[in-house]
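Visitor: One structure, pasted below without further comment.
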Amino acid sequence: MQALTRLRQRHSLRRAGPKAGEEKMTTISQTAGRNLRPSSTGGFFSILAQGAYALFNSLERRSAVKTLSDLDDRALRDIGITRSQIEDAVYGQVKAELTRYL
């Protein structure tokens, strides 16, 4: 029981704060040699996700080019493009000939 009261007394002395003429110690949460980023794995997964998105986007556009290339000239004319404008339409390159239909 005495050990418990001594422990409480020590704990209360520690929490009392600085005495007159003494300064309170401060702590530094970041060391000088370390980078501020929490870890490099977040950057790795971000780059991995961007690469996966770019791959998916590329495959999707290739599929659209193939689908449009399989259409006949009459169907392409119905949607307002010619065979030579398929890739420009899919990849978003706006030409003056395409803007007249917008």
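As shown in the structure tokens, the chain order sets the letters A, B, ...; within each chain, residues go from 1, and ligands are also counted from 1 in the order they appear.
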Excluding region 46-62 of chain A and residues on its chain fewer than 5 positions from it, collect all residues at most 10 Å away from it, counting only C-alpha atoms, and give them as a list of chain:residue names.
Guide: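 Non-adjacent residues within range: A:Thr41, A:Thr67, A:Leu68, A:Glu87, A:Val90, A:Tyr91.
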Visitor: Using all heavy atoms, can you write the selected residues to a file as a PDB file, in the first residue's frame?
Guide:
ATOM      1  N   THR A  41       5.546   4.744 -49.130  1.00  0.00           N
ATOM      2  CA  THR A  41       4.625   3.789 -49.737  1.00  0.00           C
ATOM      3  C   THR A  41       3.400   4.487 -50.304  1.00  0.00           C
ATOM      4  O   THR A  41       2.823   4.021 -51.280  1.00  0.00           O
ATOM      5  CB  THR A  41       4.186   2.721 -48.730  1.00  0.00           C
ATOM      6  OG1 THR A  41       3.587   3.365 -47.612  1.00  0.00           O
ATOM      7  CG2 THR A  41       5.353   1.875 -48.288  1.00  0.00           C
ATOM      8  N   THR A  67     -13.619  -0.381 -82.679  1.00  0.00           N
ATOM      9  CA  THR A  67     -15.068  -0.435 -82.906  1.00  0.00           C
ATOM     10  C   THR A  67     -15.488   0.519 -84.008  1.00  0.00           C
ATOM     11  O   THR A  67     -16.275   0.153 -84.902  1.00  0.00           O
ATOM     12  CB  THR A  67     -15.822  -0.098 -81.609  1.00  0.00           C
ATOM     13  OG1 THR A  67     -15.428  -1.020 -80.598  1.00  0.00           O
ATOM     14  CG2 THR A  67     -17.313  -0.172 -81.801  1.00  0.00           C
ATOM     15  N   LEU A  68     -14.954   1.731 -83.987  1.00  0.00           N
ATOM     16  CA  LEU A  68     -15.300   2.701 -85.028  1.00  0.00           C
ATOM     17  C   LEU A  68     -14.723   2.291 -86.380  1.00  0.00           C
ATOM     18  O   LEU A  68     -15.340   2.538 -87.415  1.00  0.00           O
ATOM     19  CB  LEU A  68     -14.812   4.095 -84.651  1.00  0.00           C
ATOM     20  CG  LEU A  68     -15.590   4.792 -83.530  1.00  0.00           C
ATOM     21  CD1 LEU A  68     -14.908   6.097 -83.138  1.00  0.00           C
ATOM     22  CD2 LEU A  68     -17.025   5.043 -83.953  1.00  0.00           C
ATOM     23  N   GLU A  87      -9.298   8.408 -85.178  1.00  0.00           N
ATOM     24  CA  GLU A  87      -8.353   8.553 -84.059  1.00  0.00           C
ATOM     25  C   GLU A  87      -8.421   9.938 -83.450  1.00  0.00           C
ATOM     26  O   GLU A  87      -8.307  10.093 -82.234  1.00  0.00           O
ATOM     27  CB  GLU A  87      -6.933   8.219 -84.518  1.00  0.00           C
ATOM     28  CG  GLU A  87      -6.743   6.739 -84.764  1.00  0.00           C
ATOM     29  CD  GLU A  87      -5.296   6.365 -84.959  1.00  0.00           C
ATOM     30  OE1 GLU A  87      -4.414   7.154 -84.564  1.00  0.00           O
ATOM     31  OE2 GLU A  87      -5.054   5.281 -85.498  1.00  0.00           O
ATOM     32  N   VAL A  90     -11.476   9.950 -81.186  1.00  0.00           N
ATOM     33  CA  VAL A  90     -11.322   9.132 -79.973  1.00  0.00           C
ATOM     34  C   VAL A  90     -10.345   9.763 -78.996  1.00  0.00           C
ATOM     35  O   VAL A  90     -10.590   9.805 -77.795  1.00  0.00           O
ATOM     36  CB  VAL A  90     -10.872   7.700 -80.344  1.00  0.00           C
ATOM     37  CG1 VAL A  90     -10.469   6.915 -79.109  1.00  0.00           C
ATOM     38  CG2 VAL A  90     -11.972   6.983 -81.094  1.00  0.00           C
ATOM     39  N   TYR A  91      -9.232  10.274 -79.490  1.00  0.00           N
ATOM     40  CA  TYR A  91      -8.214  10.828 -78.612  1.00  0.00           C
ATOM     41  C   TYR A  91      -8.450  12.287 -78.256  1.00  0.00           C
ATOM     42  O   TYR A  91      -7.649  12.907 -77.568  1.00  0.00           O
ATOM     43  CB  TYR A  91      -6.820  10.645 -79.219  1.00  0.00           C
ATOM     44  CG  TYR A  91      -6.401   9.197 -79.211  1.00  0.00           C
ATOM     45  CD1 TYR A  91      -6.449   8.437 -80.372  1.00  0.00           C
ATOM     46  CD2 TYR A  91      -5.998   8.587 -78.038  1.00  0.00           C
ATOM     47  CE1 TYR A  91      -6.086   7.098 -80.360  1.00  0.00           C
ATOM     48  CE2 TYR A  91      -5.636   7.248 -78.015  1.00  0.00           C
ATOM     49  CZ  TYR A  91      -5.680   6.513 -79.177  1.00  0.00           C
ATOM     50  OH  TYR A  91      -5.331   5.193 -79.157  1.00  0.00           O
TER      51      TYR A  91
END
Visitor: For each of A:Ala89, A:Arg83, A:Leu76, A:Phe44, take the minimum atom-to-atom distance to Ala64 (chain A), counting only C-alpha atoms, then give the residue where this is smallest.
Guide: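 With only C-alpha atoms as the atom set, the closest residue is A:Ala89.
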